[in-house]
Amino acid sequence: MTSADAGGFAAAKEGLKAVSAQTQTINQQVGAGMLSLDPEVAEKAAKRVEEEIEALRQLYMKAQGLGSVRGLGDYPDGQQLAKRFQDKATDPDSGALELIRTLQDELQKQADAFRGAARDYRSMDEQNADDLRRGLQ
């Protein structure tokens with residue numbers, strides 16, 4: 001059992017994998033020319049994803065407090081509990097802070113993918129317009 005599983009973050013890691021797979025699918029579809037979005041729609045989608053990134057930034061700031069839990073006493077049990085909170089927050093492989101940061105990065109990739117789909121849409125639209133102009137001449 002990893003510390004993420006022990007820390008109760010297994011579901012969060014699975015959710016992160018799902019977001020990553022979704023981003024990969026969007027990028028593959030854009031790369032293959034199978035997905036192009038109206039620029040307005042793509043920008044709305046990207047902005048919505050960026051709102052989630054901002055919400056995660058606020059969550060990150062709150063979670064940082066877990067790294068410095070105080071008031072649990074000087075007894076060994078209190079110190080161990082404070083250490084457990086700190087580990088859940090700051091473990092570099094599976095702590096809450098790392099999971100939040102990784103999710104933010106993944107969501108930024110998704111926002112970029114939506115904007116890439118908009119660029120493809122504009123490019124295809126320009127190409128079609130050029131083709132039409134050549135056909136009319």
# chains A, B, ... in the order shown; residues from 1 in each chain; ligands from 1
call {"tool": "residues_around", "arguments": {"residues": "Lys62 (chain A)", "least_positions_apart": "5", "cutoff": "12 Å", "atoms": "only C-alpha atoms", "output": "list in words"}}
result
Ala55, Leu56, Arg57, Gly67, Ser68, Val69, Ala89, Ala96, Leu97 and Ile100 of chain A
call {"tool": "write_last_selection", "arguments": {"atoms": "N, CA and C atoms", "output": "PDB file, in the first residue's frame"}}
result
ATOM      1  N   ALA A  55      -9.547  27.473  -8.453  1.00  0.00           N
ATOM      2  CA  ALA A  55     -10.124  26.865  -7.247  1.00  0.00           C
ATOM      3  C   ALA A  55      -9.108  25.929  -6.589  1.00  0.00           C
ATOM      4  N   LEU A  56      -8.352  25.221  -7.396  1.00  0.00           N
ATOM      5  CA  LEU A  56      -7.315  24.346  -6.858  1.00  0.00           C
ATOM      6  C   LEU A  56      -6.189  25.154  -6.220  1.00  0.00           C
ATOM      7  N   ARG A  57      -5.903  26.333  -6.746  1.00  0.00           N
ATOM      8  CA  ARG A  57      -4.878  27.189  -6.140  1.00  0.00           C
ATOM      9  C   ARG A  57      -5.299  27.571  -4.722  1.00  0.00           C
ATOM     10  N   GLY A  67       0.737  21.152   6.637  1.00  0.00           N
ATOM     11  CA  GLY A  67       2.161  20.909   6.808  1.00  0.00           C
ATOM     12  C   GLY A  67       2.721  21.506   8.085  1.00  0.00           C
ATOM     13  N   SER A  68       1.929  22.289   8.774  1.00  0.00           N
ATOM     14  CA  SER A  68       2.424  22.905  10.011  1.00  0.00           C
ATOM     15  C   SER A  68       1.340  22.892  11.090  1.00  0.00           C
ATOM     16  N   VAL A  69       0.793  21.712  11.337  1.00  0.00           N
ATOM     17  CA  VAL A  69      -0.247  21.562  12.361  1.00  0.00           C
ATOM     18  C   VAL A  69       0.371  21.806  13.729  1.00  0.00           C
ATOM     19  N   ALA A  89       0.190  16.065   3.701  1.00  0.00           N
ATOM     20  CA  ALA A  89       0.213  17.296   2.915  1.00  0.00           C
ATOM     21  C   ALA A  89       1.428  17.369   1.998  1.00  0.00           C
ATOM     22  N   ALA A  96      -1.008  15.610  -0.547  1.00  0.00           N
ATOM     23  CA  ALA A  96      -2.095  16.429  -1.082  1.00  0.00           C
ATOM     24  C   ALA A  96      -1.560  17.574  -1.936  1.00  0.00           C
ATOM     25  N   LEU A  97      -0.504  18.220  -1.491  1.00  0.00           N
ATOM     26  CA  LEU A  97       0.029  19.353  -2.248  1.00  0.00           C
ATOM     27  C   LEU A  97       0.514  18.924  -3.632  1.00  0.00           C
ATOM     28  N   ILE A 100      -2.509  18.126  -5.875  1.00  0.00           N
ATOM     29  CA  ILE A 100      -3.173  19.356  -6.333  1.00  0.00           C
ATOM     30  C   ILE A 100      -2.354  20.006  -7.441  1.00  0.00           C
TER      31      ILE A 100
END
call {"tool": "select_by_dssp", "arguments": {"residues": "region 31-89 of chain A", "states": "alpha helix (DSSP H)", "output": "PyMOL selection string"}}
result
chain A and resi 31+39-64+76-89
call {"tool": "closest_residue", "arguments": {"among": "A:Ala46, A:Val19, A:Lys13, A:Pro92", "to": "Ala113 (chain A)", "atoms": "only C-alpha atoms"}}
result
A:Ala46
call {"tool": "residues_around", "arguments": {"residues": "Leu103 (chain A)", "least_positions_apart": "3", "cutoff": "12 Å", "atoms": "only C-alpha atoms", "output": "tab-separated table (two decimals) with N, CA, C and O atoms, in the first residue's frame"}}
result
chain	number	residue	atom	x	y	z
A	12	ALA	N	-8.34	10.22	-5.38
A	12	ALA	CA	-7.84	11.43	-6.03
A	12	ALA	C	-6.86	11.08	-7.14
A	12	ALA	O	-6.88	11.68	-8.21
A	13	LYS	N	-6.00	10.10	-6.89
A	13	LYS	CA	-5.05	9.68	-7.92
A	13	LYS	C	-5.76	9.06	-9.11
A	13	LYS	O	-5.37	9.29	-10.26
A	14	GLU	N	-6.83	8.31	-8.85
A	14	GLU	CA	-7.62	7.74	-9.95
A	14	GLU	C	-8.30	8.84	-10.75
A	14	GLU	O	-8.37	8.78	-11.98
A	15	GLY	N	-8.81	9.84	-10.05
A	15	GLY	CA	-9.43	10.98	-10.73
A	15	GLY	C	-8.43	11.72	-11.59
A	15	GLY	O	-8.73	12.13	-12.71
A	16	LEU	N	-7.21	11.86	-11.09
A	16	LEU	CA	-6.15	12.51	-11.85
A	16	LEU	C	-5.83	11.72	-13.11
A	16	LEU	O	-5.63	12.29	-14.19
A	17	LYS	N	-5.80	10.40	-12.99
A	17	LYS	CA	-5.57	9.56	-14.17
A	17	LYS	C	-6.66	9.75	-15.21
A	17	LYS	O	-6.40	9.80	-16.41
A	18	ALA	N	-7.90	9.88	-14.75
A	18	ALA	CA	-9.03	10.08	-15.68
A	18	ALA	C	-8.91	11.42	-16.40
A	18	ALA	O	-9.15	11.51	-17.60
A	19	VAL	N	-8.52	12.46	-15.67
A	19	VAL	CA	-8.35	13.78	-16.28
A	19	VAL	C	-7.21	13.73	-17.29
A	19	VAL	O	-7.31	14.28	-18.39
A	20	SER	N	-6.13	13.05	-16.93
A	20	SER	CA	-5.00	12.91	-17.83
A	20	SER	C	-5.40	12.17	-19.11
A	20	SER	O	-5.02	12.57	-20.22
A	23	THR	N	-7.43	14.51	-21.28
A	23	THR	CA	-6.57	15.48	-21.95
A	23	THR	C	-5.84	14.83	-23.12
A	23	THR	O	-5.76	15.41	-24.21
A	49	VAL	N	-12.01	25.54	-17.47
A	49	VAL	CA	-10.94	24.71	-16.91
A	49	VAL	C	-10.02	25.59	-16.06
A	49	VAL	O	-9.60	25.18	-14.96
A	50	GLU	N	-9.73	26.79	-16.51
A	50	GLU	CA	-8.86	27.68	-15.74
A	50	GLU	C	-9.52	28.14	-14.44
A	50	GLU	O	-8.84	28.41	-13.45
A	52	GLU	N	-11.27	26.14	-12.64
A	52	GLU	CA	-10.97	24.99	-11.77
A	52	GLU	C	-9.53	25.07	-11.27
A	52	GLU	O	-9.25	24.74	-10.12
A	53	ILE	N	-8.62	25.51	-12.13
A	53	ILE	CA	-7.23	25.67	-11.72
A	53	ILE	C	-7.14	26.68	-10.59
A	53	ILE	O	-6.42	26.48	-9.61
A	54	GLU	N	-7.88	27.76	-10.70
A	54	GLU	CA	-7.89	28.79	-9.66
A	54	GLU	C	-8.47	28.24	-8.36
A	54	GLU	O	-7.95	28.51	-7.28
A	55	ALA	N	-9.55	27.47	-8.45
A	55	ALA	CA	-10.12	26.86	-7.25
A	55	ALA	C	-9.11	25.93	-6.59
A	55	ALA	O	-9.00	25.89	-5.36
A	56	LEU	N	-8.35	25.22	-7.40
A	56	LEU	CA	-7.31	24.35	-6.86
A	56	LEU	C	-6.19	25.15	-6.22
A	56	LEU	O	-5.59	24.72	-5.24
A	57	ARG	N	-5.90	26.33	-6.75
A	57	ARG	CA	-4.88	27.19	-6.14
A	57	ARG	C	-5.30	27.57	-4.72
A	57	ARG	O	-4.51	27.53	-3.79
A	59	LEU	N	-7.38	25.86	-2.84
A	59	LEU	CA	-7.31	24.64	-2.05
A	59	LEU	C	-5.86	24.34	-1.65
A	59	LEU	O	-5.59	23.93	-0.52
A	60	TYR	N	-4.95	24.58	-2.56
A	60	TYR	CA	-3.53	24.35	-2.29
A	60	TYR	C	-3.07	25.21	-1.10
A	60	TYR	O	-2.37	24.72	-0.21
A	96	ALA	N	-1.01	15.61	-0.55
A	96	ALA	CA	-2.10	16.43	-1.08
A	96	ALA	C	-1.56	17.57	-1.94
A	96	ALA	O	-2.11	17.86	-3.01
A	97	LEU	N	-0.50	18.22	-1.49
A	97	LEU	CA	0.03	19.35	-2.25
A	97	LEU	C	0.51	18.92	-3.63
A	97	LEU	O	0.25	19.60	-4.63
A	98	GLU	N	1.20	17.80	-3.69
A	98	GLU	CA	1.69	17.31	-4.98
A	98	GLU	C	0.53	16.91	-5.89
A	98	GLU	O	0.55	17.20	-7.10
A	99	LEU	N	-0.48	16.26	-5.33
A	99	LEU	CA	-1.64	15.89	-6.14
A	99	LEU	C	-2.35	17.12	-6.70
A	99	LEU	O	-2.75	17.14	-7.87
A	100	ILE	N	-2.51	18.13	-5.88
A	100	ILE	CA	-3.17	19.36	-6.33
A	100	ILE	C	-2.35	20.01	-7.44
A	100	ILE	O	-2.89	20.40	-8.48
A	106	GLU	N	-2.20	19.34	-15.21
A	106	GLU	CA	-2.97	18.57	-16.18
A	106	GLU	C	-4.13	19.39	-16.74
A	106	GLU	O	-4.41	19.35	-17.94
A	107	LEU	N	-4.78	20.13	-15.88
A	107	LEU	CA	-5.89	20.97	-16.34
A	107	LEU	C	-5.39	22.09	-17.26
A	107	LEU	O	-6.08	22.45	-18.22
A	108	GLN	N	-4.19	22.60	-16.99
A	108	GLN	CA	-3.65	23.62	-17.89
A	108	GLN	C	-3.39	23.02	-19.27
A	108	GLN	O	-3.63	23.66	-20.29
A	109	LYS	N	-2.92	21.79	-19.30
A	109	LYS	CA	-2.73	21.10	-20.59
A	109	LYS	C	-4.06	20.97	-21.31
A	109	LYS	O	-4.14	21.10	-22.54
A	110	GLN	N	-5.12	20.71	-20.55
A	110	GLN	CA	-6.44	20.56	-21.15
A	110	GLN	C	-6.92	21.90	-21.73
A	110	GLN	O	-7.45	21.94	-22.84
call {"tool": "residues_around", "arguments": {"residues": "Leu37 (chain A)", "least_positions_apart": "5", "cutoff": "9 Å", "atoms": "only C-alpha atoms", "output": "list in words"}}
result
Ala42, Phe114, Arg115, Gly116, Ala117, Ala118, Arg119, Asp120, Tyr121 and Arg122 of chain A
call {"tool": "closest_residue", "arguments": {"among": "A:Gly31, A:Thr90, A:Ala111, A:Ile26", "to": "Ala63 (chain A)", "atoms": "only C-alpha atoms"}}
result
A:Thr90
call {"tool": "atom_distance", "arguments": {"atom1": "CA of Leu81 (chain A)", "atom2": "CA of Gln58 (chain A)"}}
result
24.5 Å
call {"tool": "closest_residue", "arguments": {"among": "A:Lys47, A:Gly135, A:Asn27, A:Arg101", "to": "Gln64 (chain A)", "atoms": "only C-alpha atoms"}}
result
A:Arg101
